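Colleague: Questions regarding the structure given below will be posed in turn.
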Amino acid sequence: MKVEKLKYGAVYYCNRLKLYSFLTSKGFEPKFISHNIRNPKHLVWAFDNSSRLEEAIEEYYQLIEN
């Protein structure tokens with residue numbers, strides 16, 4: 001059995017609305033939604049992490065850099 005080496009751990013916490021929108025447009029659904037501890041007016045979306053999710057996150061950051 002191959003164990004995935006994940007950059008972000010078992011759960012990825014997303015606190016950027018545009019990244020959240022990008023991930024959900026790719027078919028990812030958050031595991032849960034919570035208020036940001038540092039700023040309760042903002043939300044944090046928690047996703048089960050996978051290599052596929054990490055690839056989508058990298059794709060998002062490459063898109064916004066260009």
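All residue names refer to the structure tokens as shown: chains lettered A, B, ... in order, residues numbered from 1 in each chain, ligands numbered from 1 in order.
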Quick one: residues within 6 Å of region 11-25 of chain A, only C-alpha atoms, excluding same-chain residues fewer than 5 positions away - as a ChimeraX atom specification?
Modeller: /A:44-49
Colleague: Chain A: which residues are helix (DSSP H, G or I) by DSSP, as number ranges by chain?
Modeller: A: 17-25, 51-65
Colleague: Could you check how far CA of Leu43 (chain A) sits from CA of Ile57 (chain A), in Å to one decimal?
Modeller: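 So the answer is 18.0 Å.
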Colleague: To one decimal place in Å, what is the distance between CA of Lys7 (chain A) and CA of Gln62 (chain A)?
Modeller: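 Taking CA of Lys7 (chain A) and CA of Gln62 (chain A), their separation equals 16.5 Å.
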Colleague: Rounded to one decimal, what separation in Å do you get between CA of Leu53 (chain A) and CA of Gly27 (chain A)?
Modeller: 9.9 Å
Colleague: Between A:Tyr8, A:His42, A:Glu54, A:Leu63, single out the one closest to Phe28 (chain A), counting only C-alpha atoms.
Modeller: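 Using only C-alpha atoms, Phe28 (chain A) sits closest to A:Glu54.
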Colleague: Check chain A with DSSP on the backbone and list each residue it calls strand (DSSP E or B), as a list in words.
Modeller: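 These are the residues in question: Val11, Tyr12, Tyr13, Cys14, Phe32, Ile33, Ser34, His35, Leu43, Val44, Trp45, Ala46, Phe47 and Asp48 of chain A.
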